[in-house]
Structures are given as structure tokens and as C-alpha cells.
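**Student:** This one is query-v3.tsv, TSV, C-alpha atoms and all ligand atoms.
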chain	number	residue	atom	x	y	z
S	1	MET	CA	0.00	0.00	0.00
S	2	ILE	CA	1.21	3.50	-0.77
S	3	SER	CA	0.15	5.67	2.16
S	4	PHE	CA	-1.43	9.04	1.65
S	5	ASN	CA	0.82	10.59	4.31
S	6	ILE	CA	3.72	9.46	6.47
S	7	PRO	CA	4.73	11.92	9.22
S	8	PRO	CA	8.11	13.53	8.48
S	9	HIS	CA	11.06	11.90	10.22
S	10	ILE	CA	14.71	12.77	9.58
S	11	GLY	CA	16.49	10.44	12.00
S	12	LYS	CA	17.87	12.78	14.64
S	13	GLU	CA	14.56	13.28	16.46
S	14	LEU	CA	15.17	10.70	19.18
S	15	ASP	CA	18.67	12.04	19.92
S	16	TYR	CA	17.27	15.51	20.39
S	17	ILE	CA	14.43	14.29	22.59
S	18	LYS	CA	17.03	12.50	24.74
S	19	GLU	CA	18.97	15.75	24.94
S	20	ALA	CA	15.90	17.57	26.18
S	21	ILE	CA	15.42	14.88	28.83
S	22	SER	CA	19.09	14.97	29.93
S	23	ALA	CA	18.92	18.74	30.26
S	24	HIS	CA	16.04	18.23	32.73
S	25	LYS	CA	13.95	20.64	30.70
S	26	ILE	CA	10.95	18.96	29.19
S	27	SER	CA	8.31	21.64	29.77
S	28	GLY	CA	7.80	24.66	27.51
S	29	ASP	CA	10.33	27.19	26.22
S	30	GLY	CA	13.44	25.07	26.75
S	31	GLN	CA	16.46	25.11	24.43
S	32	PHE	CA	14.72	23.38	21.51
S	33	SER	CA	11.69	25.67	21.63
S	34	LYS	CA	14.05	28.63	21.59
S	35	MET	CA	16.00	27.25	18.63
S	36	CYS	CA	12.80	26.61	16.70
S	37	SER	CA	11.42	30.10	17.40
S	38	LYS	CA	14.67	31.75	16.40
S	39	TRP	CA	14.77	29.69	13.22
S	40	LEU	CA	11.22	30.73	12.37
S	41	GLU	CA	11.98	34.40	13.00
S	42	GLU	CA	15.10	34.31	10.84
S	43	LYS	CA	13.44	32.33	8.06
S	44	THR	CA	10.25	34.39	7.88
S	45	GLY	CA	11.28	37.85	9.06
S	46	ALA	CA	8.47	37.92	11.64
S	47	SER	CA	9.09	40.21	14.65
S	48	LYS	CA	8.25	37.27	16.88
S	49	ALA	CA	7.49	33.58	16.48
S	50	LEU	CA	6.07	31.65	19.44
S	51	LEU	CA	5.63	27.89	19.37
S	52	THR	CA	2.15	26.74	20.32
S	53	THR	CA	0.47	23.44	21.09
S	54	SER	CA	-1.28	23.51	17.70
S	55	CYS	CA	-2.24	25.78	14.84
S	56	THR	CA	-5.75	25.72	16.31
S	57	HIS	CA	-4.29	27.29	19.46
S	58	ALA	CA	-2.25	29.79	17.45
S	59	LEU	CA	-5.53	30.83	15.82
S	60	GLU	CA	-7.17	31.11	19.27
S	61	MET	CA	-4.35	33.39	20.40
S	62	ALA	CA	-4.75	35.47	17.23
S	63	ALA	CA	-8.49	35.79	17.89
S	64	ILE	CA	-7.78	37.12	21.40
S	65	LEU	CA	-5.04	39.47	20.16
S	66	ALA	CA	-7.32	40.77	17.41
S	67	GLY	CA	-9.79	41.79	20.12
S	68	VAL	CA	-12.68	39.72	18.81
S	69	GLN	CA	-15.80	40.20	20.95
S	70	PRO	CA	-19.15	38.35	21.13
S	71	GLY	CA	-21.29	39.40	18.18
S	72	ASP	CA	-18.36	40.40	15.96
S	73	GLU	CA	-18.24	38.99	12.46
S	74	VAL	CA	-15.25	37.21	10.98
S	75	ILE	CA	-14.89	36.61	7.24
S	76	MET	CA	-13.30	33.40	5.92
S	77	PRO	CA	-13.75	30.76	3.23
S	78	SER	CA	-16.13	27.86	3.89
S	79	TYR	CA	-13.64	25.55	2.20
S	80	THR	CA	-11.28	25.18	5.16
S	81	PHE	CA	-10.55	23.12	8.25
S	82	VAL	CA	-12.85	23.51	11.27
S	83	SER	CA	-10.13	25.16	13.38
S	84	THR	CA	-10.15	28.31	11.26
S	85	ALA	CA	-13.71	28.91	12.43
S	86	ASP	CA	-13.53	27.32	15.91
S	87	ALA	CA	-10.95	29.80	17.17
S	88	PHE	CA	-13.28	32.73	16.51
S	89	VAL	CA	-16.51	30.98	17.52
S	90	LEU	CA	-14.92	30.41	20.95
S	91	ARG	CA	-14.77	34.21	21.32
S	92	GLY	CA	-18.45	34.50	20.48
S	93	ALA	CA	-17.99	35.62	16.90
S	94	LYS	CA	-20.32	34.92	14.00
S	95	ILE	CA	-18.62	33.42	10.94
S	96	VAL	CA	-19.34	34.89	7.52
S	97	PHE	CA	-18.32	32.52	4.75
S	98	VAL	CA	-17.30	33.75	1.33
S	99	ASP	CA	-16.94	31.74	-1.88
S	100	ILE	CA	-13.56	30.53	-3.16
S	101	ARG	CA	-11.74	31.00	-6.44
S	102	PRO	CA	-11.86	27.79	-8.47
S	103	ASP	CA	-8.25	28.12	-9.63
S	104	THR	CA	-6.46	28.21	-6.24
S	105	MET	CA	-9.31	27.09	-3.94
S	106	ASN	CA	-8.52	30.21	-1.86
S	107	ILE	CA	-11.01	32.84	-0.69
S	108	ASP	CA	-12.13	35.01	-3.61
S	109	GLU	CA	-10.64	38.39	-2.73
S	110	ASN	CA	-13.17	40.12	-4.98
S	111	LEU	CA	-16.11	38.88	-2.88
S	112	ILE	CA	-14.84	39.97	0.52
S	113	GLU	CA	-15.96	43.58	0.48
S	114	ASP	CA	-19.57	42.61	-0.15
S	115	ALA	CA	-19.54	40.53	3.07
S	116	ILE	CA	-18.40	43.40	5.28
S	117	THR	CA	-20.90	44.90	7.74
S	118	GLU	CA	-20.43	47.28	10.68
S	119	LYS	CA	-19.88	44.19	12.85
S	120	THR	CA	-16.97	42.82	10.83
S	121	ARG	CA	-13.73	42.67	12.79
S	122	VAL	CA	-11.36	40.23	11.07
S	123	ILE	CA	-10.63	38.68	7.66
S	124	VAL	CA	-9.04	35.22	7.74
S	125	PRO	CA	-7.39	34.17	4.49
S	126	VAL	CA	-6.44	30.48	4.38
S	127	HIS	CA	-3.47	29.70	2.14
S	128	TYR	CA	-4.73	26.42	0.73
S	129	ALA	CA	-2.06	23.88	-0.25
S	130	GLY	CA	0.60	26.44	0.70
S	131	VAL	CA	-0.37	28.71	-2.20
S	132	ALA	CA	-0.92	32.30	-1.11
S	133	CYS	CA	-4.20	34.19	-1.20
S	134	GLU	CA	-4.21	37.53	-3.02
S	135	MET	CA	-2.84	39.34	0.02
S	136	ASP	CA	-2.30	42.81	-1.46
S	137	LYS	CA	-5.97	43.11	-2.26
S	138	ILE	CA	-7.05	41.57	1.07
S	139	ASN	CA	-4.80	43.90	3.06
S	140	ALA	CA	-6.05	46.92	1.11
S	141	ILE	CA	-9.67	46.01	1.95
S	142	ALA	CA	-8.73	45.48	5.61
S	143	LYS	CA	-7.01	48.87	5.76
S	144	LYS	CA	-9.93	50.65	4.13
S	145	HIS	CA	-12.41	49.16	6.63
S	146	GLN	CA	-10.01	49.09	9.61
S	147	LEU	CA	-10.11	45.32	10.03
S	148	LYS	CA	-7.53	42.90	11.36
S	149	VAL	CA	-6.15	40.13	9.16
S	150	VAL	CA	-5.20	36.70	10.53
S	151	GLU	CA	-3.54	34.29	8.11
S	152	ASP	CA	-4.32	30.61	8.52
S	153	ALA	CA	-0.94	29.56	7.14
S	154	ALA	CA	-1.19	26.04	8.62
S	155	GLN	CA	-0.09	24.64	5.27
S	156	GLY	CA	2.09	27.56	4.26
S	157	ILE	CA	5.49	27.32	5.95
S	158	MET	CA	8.35	27.84	3.40
S	159	SER	CA	5.95	29.41	0.86
S	160	THR	CA	6.11	33.04	-0.21
S	161	TYR	CA	3.95	35.73	-1.78
S	162	LYS	CA	5.89	38.39	-3.68
S	163	GLY	CA	9.00	37.17	-1.90
S	164	GLN	CA	7.55	37.42	1.61
S	165	ALA	CA	6.89	34.41	3.85
S	166	LEU	CA	3.27	33.36	4.34
S	167	GLY	CA	2.23	34.12	7.88
S	168	THR	CA	4.08	37.47	7.86
S	169	LEU	CA	1.76	39.25	5.42
S	170	SER	CA	-0.76	40.34	8.04
S	171	ASP	CA	-1.14	41.07	11.77
S	172	TYR	CA	-0.91	37.42	12.84
S	173	GLY	CA	0.11	34.27	11.01
S	174	CYS	CA	-0.57	30.73	12.21
S	175	TYR	CA	1.49	27.65	11.31
S	176	SER	CA	0.79	23.98	12.02
S	177	PHE	CA	3.28	21.27	12.88
S	178	HIS	CA	0.70	18.50	12.99
S	179	GLU	CA	1.89	15.16	11.63
S	180	THR	CA	0.10	15.80	8.34
S	181	LYS	CA	2.08	18.98	7.64
S	182	ASN	CA	5.47	19.45	5.93
S	183	TYR	CA	7.33	19.76	9.27
S	184	SER	CA	6.00	18.17	12.40
S	185	MET	CA	6.21	17.83	16.16
S	186	GLY	CA	3.25	15.48	16.45
S	187	GLU	CA	0.84	18.15	17.58
S	188	GLY	CA	2.05	21.74	17.50
S	189	GLY	CA	2.12	25.06	15.75
S	190	ALA	CA	3.36	28.61	15.92
S	191	ILE	CA	2.01	32.13	15.90
S	192	LEU	CA	3.94	34.78	13.98
S	193	ILE	CA	3.54	38.35	15.13
S	194	LYS	CA	4.13	41.32	12.89
S	195	ASN	CA	3.89	44.31	15.23
S	196	GLU	CA	6.33	44.72	18.13
S	197	LYS	CA	3.54	46.19	20.27
S	198	ASP	CA	1.64	42.87	20.21
S	199	ILE	CA	4.50	40.71	21.45
S	200	GLU	CA	4.17	41.25	25.19
S	201	ARG	CA	0.42	40.58	25.20
S	202	ALA	CA	0.96	37.43	23.10
S	203	GLU	CA	3.51	36.12	25.61
S	204	ILE	CA	1.10	36.80	28.45
S	205	ILE	CA	-1.85	35.05	26.78
S	206	ARG	CA	0.36	32.04	26.03
S	207	GLU	CA	1.59	31.82	29.65
S	208	LYS	CA	-1.78	31.58	31.45
S	209	GLY	CA	-2.18	35.33	31.67
S	210	THR	CA	1.08	35.82	33.56
S	211	ASN	CA	4.17	37.88	32.75
S	212	ARG	CA	6.36	34.82	33.25
S	213	SER	CA	8.28	35.29	29.97
S	214	LYS	CA	9.48	38.68	31.20
S	215	PHE	CA	10.49	37.07	34.49
S	216	PHE	CA	12.59	34.43	32.72
S	217	ARG	CA	14.37	37.14	30.77
S	218	GLY	CA	15.24	38.84	34.06
S	219	GLN	CA	13.21	41.94	33.24
S	220	ILE	CA	11.16	41.70	36.45
S	221	ASP	CA	11.81	40.22	39.93
S	222	LYS	CA	8.72	38.07	40.25
S	223	TYR	CA	5.91	37.16	37.95
S	224	THR	CA	2.23	37.60	38.51
S	225	TRP	CA	-1.22	37.22	36.98
S	226	VAL	CA	-1.82	40.24	34.75
S	227	ASP	CA	-4.49	39.24	32.22
S	228	TYR	CA	-6.59	36.30	31.06
S	229	GLY	CA	-4.87	33.61	29.05
S	230	SER	CA	-4.31	29.92	28.69
S	231	SER	CA	-1.49	27.38	28.37
S	232	TYR	CA	-0.47	27.45	24.74
S	233	LEU	CA	3.19	26.42	24.96
S	234	PRO	CA	4.30	22.96	23.88
S	235	SER	CA	6.66	20.62	25.73
S	236	ASP	CA	10.33	20.94	24.78
S	237	MET	CA	10.33	17.22	23.84
S	238	ASN	CA	7.96	18.03	21.01
S	239	ALA	CA	10.08	20.99	19.98
S	240	ALA	CA	13.10	18.64	19.92
S	241	TYR	CA	11.29	16.47	17.38
S	242	LEU	CA	10.55	19.55	15.26
S	243	TRP	CA	14.10	20.88	15.45
S	244	ALA	CA	15.47	17.82	13.64
S	245	GLN	CA	13.34	18.76	10.65
S	246	LEU	CA	13.82	22.50	10.70
S	247	GLU	CA	17.56	21.81	10.45
S	248	LYS	CA	16.82	19.98	7.21
S	249	ALA	CA	14.00	22.23	6.06
S	250	ASP	CA	15.49	22.93	2.63
S	251	GLU	CA	16.18	19.28	1.94
S	252	ILE	CA	12.61	18.34	2.85
S	253	ASN	CA	11.23	21.20	0.79
S	254	THR	CA	13.31	20.34	-2.29
S	255	GLN	CA	12.31	16.70	-2.16
S	256	ARG	CA	8.63	17.55	-1.85
S	257	LEU	CA	8.87	19.98	-4.77
S	258	ASN	CA	10.54	17.28	-6.89
S	259	THR	CA	7.65	14.93	-6.15
S	260	TRP	CA	5.17	17.68	-6.95
S	261	ASN	CA	6.86	18.44	-10.28
S	262	LEU	CA	7.00	14.76	-11.17
S	263	TYR	CA	3.24	14.50	-10.68
S	264	SER	CA	2.63	17.71	-12.59
S	265	GLU	CA	4.70	16.68	-15.62
S	266	GLY	CA	3.51	13.08	-15.59
S	267	LEU	CA	-0.17	14.02	-15.56
S	268	GLN	CA	0.11	16.63	-18.31
S	269	ASN	CA	-1.32	14.32	-20.99
S	270	LEU	CA	-4.54	13.99	-19.03
S	271	VAL	CA	-4.72	17.75	-18.68
S	272	ASP	CA	-4.24	18.17	-22.43
S	273	SER	CA	-7.03	15.70	-23.17
S	274	GLY	CA	-9.35	17.57	-20.79
S	275	LYS	CA	-9.75	14.72	-18.27
S	276	ILE	CA	-8.30	16.45	-15.23
S	277	GLU	CA	-7.17	19.82	-13.92
S	278	LEU	CA	-4.06	20.46	-11.84
S	279	PRO	CA	-3.26	23.06	-9.17
S	280	TYR	CA	-2.68	26.59	-10.41
S	281	ILE	CA	0.20	28.59	-8.93
S	282	PRO	CA	-0.15	32.38	-9.46
S	283	LYS	CA	3.09	33.96	-10.65
S	284	GLU	CA	3.63	35.96	-7.44
S	285	CYS	CA	3.52	32.75	-5.38
S	286	VAL	CA	6.27	30.29	-4.53
S	287	HIS	CA	4.76	27.20	-2.94
S	288	ASN	CA	6.04	24.44	-0.65
S	289	ALA	CA	4.51	21.35	-2.26
S	290	HIS	CA	2.32	20.81	0.76
S	291	MET	CA	-0.22	19.02	-1.36
S	292	PHE	CA	-0.75	17.62	-4.82
S	293	TYR	CA	-4.32	17.38	-5.96
S	294	VAL	CA	-6.16	16.65	-9.17
S	295	LYS	CA	-9.63	17.87	-10.07
S	296	ILE	CA	-11.89	15.57	-12.01
S	297	LYS	CA	-15.35	15.78	-13.52
S	298	ASP	CA	-17.55	15.31	-10.48
S	299	LEU	CA	-18.22	13.49	-7.22
S	300	GLU	CA	-19.26	10.28	-8.94
S	301	GLU	CA	-16.10	10.04	-11.01
S	302	ARG	CA	-14.01	10.91	-7.96
S	303	THR	CA	-15.51	8.07	-5.94
S	304	LYS	CA	-14.74	5.66	-8.78
S	305	LEU	CA	-11.16	6.89	-9.01
S	306	ILE	CA	-10.61	6.59	-5.23
S	307	ASP	CA	-11.86	2.98	-5.34
S	308	TYR	CA	-9.83	2.13	-8.43
S	309	LEU	CA	-6.62	3.49	-6.91
S	310	LYS	CA	-7.31	1.73	-3.63
S	311	GLU	CA	-7.55	-1.58	-5.48
S	312	SER	CA	-4.15	-0.72	-6.96
S	313	GLY	CA	-2.71	-0.16	-3.48
S	314	ILE	CA	-2.79	3.64	-3.54
S	315	LEU	CA	-4.50	5.68	-0.84
S	316	THR	CA	-5.93	9.01	-1.95
S	317	VAL	CA	-8.11	11.36	0.07
S	318	PHE	CA	-10.67	14.04	-0.71
S	319	HIS	CA	-10.72	17.18	1.42
S	320	TYR	CA	-12.96	19.60	3.29
S	321	ILE	CA	-16.71	19.27	3.33
S	322	PRO	CA	-17.64	22.97	3.16
S	323	LEU	CA	-18.17	24.31	6.68
S	324	HIS	CA	-21.38	26.16	5.86
S	325	THR	CA	-23.08	22.83	5.14
S	326	SER	CA	-22.13	21.31	8.52
S	327	PRO	CA	-24.34	21.43	11.65
S	328	ALA	CA	-21.96	23.77	13.50
S	329	GLY	CA	-21.38	25.86	10.40
S	330	LYS	CA	-25.12	26.47	10.13
S	331	ARG	CA	-25.32	27.33	13.81
S	332	PHE	CA	-22.35	29.70	13.98
S	333	GLY	CA	-22.14	31.08	10.48
S	334	ARG	CA	-23.80	32.22	7.31
S	335	PHE	CA	-22.70	32.14	3.69
S	336	ASN	CA	-22.58	35.56	2.09
S	337	GLY	CA	-23.47	35.61	-1.59
S	338	LYS	CA	-23.71	32.57	-3.81
S	339	ASP	CA	-21.93	29.24	-3.34
S	340	GLU	CA	-20.81	29.04	-6.94
S	341	TYR	CA	-17.55	27.14	-6.47
S	342	THR	CA	-17.10	26.06	-2.84
S	343	THR	CA	-19.28	22.94	-2.99
S	344	LYS	CA	-18.78	22.13	-6.66
S	345	GLU	CA	-14.98	22.36	-6.63
S	346	SER	CA	-14.62	20.59	-3.26
S	347	GLU	CA	-16.47	17.59	-4.72
S	348	ARG	CA	-14.04	17.38	-7.65
S	349	LEU	CA	-10.81	17.55	-5.69
S	350	LEU	CA	-8.69	14.51	-4.83
S	351	ARG	CA	-5.35	14.60	-2.99
S	352	LEU	CA	-2.61	12.20	-4.07
S	353	PRO	CA	0.06	10.69	-1.77
S	354	MET	CA	2.59	13.37	-0.80
S	355	TYR	CA	5.21	13.08	1.93
S	356	TYR	CA	8.92	13.35	2.57
S	357	GLY	CA	10.39	10.01	1.55
S	358	LEU	CA	7.83	9.16	-1.14
S	359	ASP	CA	9.78	7.30	-3.81
S	360	ASN	CA	9.91	8.48	-7.45
S	361	HIS	CA	9.00	5.00	-8.64
S	362	GLU	CA	5.91	5.11	-6.50
S	363	VAL	CA	4.95	8.46	-8.00
S	364	GLU	CA	5.42	7.03	-11.49
S	365	TYR	CA	3.27	4.04	-10.56
S	366	ILE	CA	0.51	6.37	-9.26
S	367	ILE	CA	0.60	8.41	-12.49
S	368	GLU	CA	0.43	5.23	-14.57
S	369	LYS	CA	-2.62	4.00	-12.66
S	370	ILE	CA	-4.43	7.33	-13.01
S	371	GLU	CA	-3.76	7.26	-16.75
S	372	LYS	CA	-5.10	3.72	-16.94
S	373	PHE	CA	-8.29	4.72	-15.12
S	374	PHE	CA	-9.00	7.40	-17.69
S	375	ILE	CA	-8.62	5.04	-20.65
S	376	HIS	CA	-12.00	3.63	-19.63
S	377	ASN	CA	-13.55	6.77	-18.15
V	1	LIG	C1	-3.94	21.51	9.74
V	1	LIG	C2	-4.75	22.74	9.65
V	1	LIG	C3	-5.21	23.42	10.79
V	1	LIG	C4	-5.08	22.86	12.19
V	1	LIG	O1	-3.79	22.60	12.58
V	1	LIG	P1	-3.55	21.90	14.00
V	1	LIG	O2	-2.08	22.14	14.22
V	1	LIG	O3	-3.88	20.47	13.84
V	1	LIG	O4	-4.37	22.58	15.01
V	1	LIG	C5	-5.89	24.60	10.62
V	1	LIG	N1	-6.11	25.12	9.42
V	1	LIG	C6	-5.71	24.50	8.29
V	1	LIG	C7	-5.98	25.14	6.96
V	1	LIG	C8	-5.02	23.29	8.36
V	1	LIG	O5	-4.64	22.68	7.25
Would you give me this structure, written as C-alpha cells?
**Tutor:**
Amino acid sequence: MISFNIPPHIGKELDYIKEAISAHKISGDGQFSKMCSKWLEEKTGASKALLTTSCTHALEMAAILAGVQPGDEVIMPSYTFVSTADAFVLRGAKIVFVDIRPDTMNIDENLIEDAITEKTRVIVPVHYAGVACEMDKINAIAKKHQLKVVEDAAQGIMSTYKGQALGTLSDYGCYSFHETKNYSMGEGGAILIKNEKDIERAEIIREKGTNRSKFFRGQIDKYTWVDYGSSYLPSDMNAAYLWAQLEKADEINTQRLNTWNLYSEGLQNLVDSGKIELPYIPKECVHNAHMFYVKIKDLEERTKLIDYLKESGILTVFHYIPLHTSPAGKRFGRFNGKDEYTTKESERLLRLPMYYGLDNHEVEYIIEKIEKFFIHN
């Protein structure tokens, strides 16, 4: 069986975890957490990067930092993971879903302004498959209406938009290091902060509402409870696992891109004969090969293809069921405008195996099987 995903593993992870244990520092913000944060800051240019227990929690922190209050409205695509919405619903916000662009599966920047009301507080672009949303336009709209922007860049580490790292194009950017992402620590994430003035509050929220981070830096004599917050910092053992991969980030990225390109070239014949469509990468975007998907005629054909590939020992997976059609989505949100592409395009999309360590021969075998399927379909 060719798996759909295998969590990234370089080989040094266990050594680093042992190091964390020997240093008697297994809770948060030990040496590995610090190395990972510093790496993220240097790589992305963010003023501050703080490791979190998940991207979901990074989004929760961003929702608090953005000052979201009960009754506020938050604009996002319906074609996304539940966490994008959950983080804001927990603050009492109402979610306003906007349709996606069929080419990138990202929020349609031209439909955002129509969804804005006097209650709107935040826009949340989700960089699907590590391909950037049209951030210049989104930021211009946010500026005009005085809104905050939070990037769900869970899939976007190592990707850029006009040369700038995803997650640093707005007030707050959120990364995921879940085992399904390009770099992992099992469960984990990070929040990237653009403005210096937000850093102290972010540290406080992440440390149970205390100014403990300041205390550890020797800036104050004792720490105390200064605000509300939660415990959003991961164990240093998890950070140790992540560090092994960040050290080899370029190698992982290059290998994933090679796999992606192999798929893209190998499936070109099917594109030319009009059987499938492949991901579109706008020219201002550099992506990280987080995902390789194909789009086929419809749901029925997709189900057939999934079954056919499974019989050939290949596991492929569809993706989000649009949030606005789910029970919680109906309860906490509304869809603004027409669902022209969200449902239709989500039903056509199929993700192919993609992970660090996927063999070229396996990719060639997958391409061959997809071609074979379309001889009869
Ligand atoms: C993976 C993912 C998340 C959630 O990440 P966790 O680290 O598992 O909390 C959120 N949004 C998107 C778009 C994702 O792909």
C-alpha cells in the first residue's frame, strides 16, 4: 500500500528528545523551543514567532489578540478546516463565509468587500495547499475598513507571496506542525507576530495570563497574573522532534517539490485531453509542495477513481466538506453571496500521496494508474 501521508522523520529526532530529557527541561520554552522560534523568525522575518500546542491554538491566540468580541463577524472561506472557524466561535464571533476561487481554492478576494458589515472585525485568508491568497488586495480592503487580518498559514510554511513568507503578510500568522504537515512535532504550531507592540500581550496570553516570559528574561523580579490567558506552549520534547526537521528544512522542501513536479509533468497528458485539472500557482507565489491534488469531472467520477486506486494499493483522500453545510457551520455562520464554487470544486478535488520520503517510482506508478483509469472513463 502507498500511504497518503507518512509523518516527516529525519532520523535525529530521538537524539534531540534524549537531549531535552538529559537537560532536565521537558516543559515549555526550553532550548529546543528557543532554537525553533529563532529559526522561524530568521526564516520568515516575523518580529516574533512563538511555538504553540497547535495551529488551532495559534488561531485562538490570534483571535484574542485581534480583540474579537461576542457578536463580531469574521470573514473566511467555507472551504477550510474547522479550526479556522472554531478559534473565533470560541470568542463568540459569528462566521461569515465567502466563496472561493476555483483556480487556487482560496477565498475570492473580490467577494470579501460585499460581506463586510459594521460588525466585521477580522478577515481570515487560508493559504490552501501552501499557495498564497491575493494578500495585497485583502490587506487593502482590511485597511480601508479598519479590520484585522489573521492568516491561517497552517499549510504555508516555506511558501512566499511576492517574496515574503506566508504568515508574515498580516497582523498574525498561524502555522501547524501537525503530523500531516510538511514539518511536524506530532501536535504543534506557531504564531507569527508582525507588530512589536503585540509581542508582550501574546507572551502573556500564552503563559496563562502571567508575565512569566518577562520574568525568565530577568526583566522583572517576580511574575504575577496580569491578564486572562491559557497554556499554549508545547513541551520541549515536542520541539526537539521539530528541530530535527527545521535543520533539514530545505532538503525536505526540495524533495517535496521534486515529487510535486514529477506529478505535474507526468499528468500533463490527461490535462491536455481535458480529463483532469491540476493546481494553479499564481506567478507571485512560490509554494512548498504541501499538497498535490487533481480535479476531475464530479463526485461520482471521484468516488470511482478513489476505489480504483485503492484496489491498486494507492491511498488518496478528498478534502474539506464545506463548513457552511455542517451542523456547527449552520449554527455559527452564514454564507454571504452565492456558493458558486465552494461545494462544486470541493467535490471534484482529490489529494494524491505526498510526503517526505515518497519514492519516485511510487509516484510514477501512481501516475500510470491514473492514466489507466481514464482510458476507460
Ligand atoms: C492543519 C490545519 C489546521 C489545524 O492545525 P492543527 O495544528 O492540527 O491545530 C488549521 N487550518 C488549516 C488550513 C489546516 O490545514
**Student:** Mind listing the residues within 8 Å of ligand LIG 1 (chain V), only C-alpha atoms and all ligand atoms counted, as a VMD selection string?
**Tutor:** chain S and resid 53 to 58 80 to 84 126 to 128 152 to 155 175 to 178 180 to 181 187 to 189
**Student:** Which residue gives the smallest distance to Leu323 of chain S among S:Trp243, S:Phe88, S:Phe335, S:Trp260, with all atoms listed in the file counted?
**Tutor:**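 Among S:Trp243, S:Phe88, S:Phe335, S:Trp260, it is S:Phe335 that comes nearest to Leu323 of chain S.
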**Student:** For Pro353 of chain S, list every protein, DNA or RNA residue within 9 Å, evaluated using all atoms listed in the file, and leave out those in the same chain fewer than 3 positions away; present the list as a PyMOL selection string.
**Tutor:** chain S and resi 2-5+291-292+314-317+358+363+366
**Student:** Point out the residue among S:Asn253, S:Asn336, S:Thr259, S:Asn110 with the least atom-to-atom distance to Ile141 of chain S, counting all atoms listed in the file.
**Tutor:**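 Checking each of S:Asn253, S:Asn336, S:Thr259, S:Asn110 against Ile141 of chain S, counting all atoms listed in the file, the winner is S:Asn110.
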**Student:** Could you check how far atom CA of Ser37 of chain S sits from atom CA of Leu192 of chain S, in Å to one decimal?
**Tutor:**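 Computed distance, atom CA of Ser37 of chain S to atom CA of Leu192 of chain S, equals 9.5 Å.
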**Student:** Within 7 Å of Arg206 of chain S, counting all atoms listed in the file, which residues show up once you throw out same-chain ones fewer than 4 positions away? Write them as an mmCIF file with C-alpha atoms, keeping the file's coordinate frame, please.
**Tutor:**
data_model
loop_
_atom_site.group_PDB
_atom_site.id
_atom_site.type_symbol
_atom_site.label_atom_id
_atom_site.label_comp_id
_atom_site.auth_asym_id
_atom_site.auth_seq_id
_atom_site.Cartn_x
_atom_site.Cartn_y
_atom_site.Cartn_z
ATOM 1 C CA ALA S 202 0.960 37.430 23.100
ATOM 2 C CA GLY S 229 -4.870 33.610 29.050
ATOM 3 C CA SER S 230 -4.310 29.920 28.690
ATOM 4 C CA SER S 231 -1.490 27.380 28.370
ATOM 5 C CA TYR S 232 -0.470 27.450 24.740
ATOM 6 C CA LEU S 233 3.190 26.420 24.960
#
**Student:** Would you mind telling me which residue in S:Glu300, S:Glu203, S:Asp250, S:Asp171 lies nearest to Ser159 of chain S when using only C-alpha atoms?
**Tutor:** S:Asp250
**Student:** I'd like the interatomic distance between atom CA of Met105 of chain S and atom CA of Ala49 of chain S, to a tenth of an Å.
**Tutor:**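 Between atom CA of Met105 of chain S and atom CA of Ala49 of chain S the gap is 27.2 Å.
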**Student:** Could you state the separation of atom CA of Gly209 of chain S and atom CA of Val226 of chain S in Å, given to one decimal place?
**Tutor:**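 Pair atom CA of Gly209 of chain S / atom CA of Val226 of chain S returns 5.8 Å.
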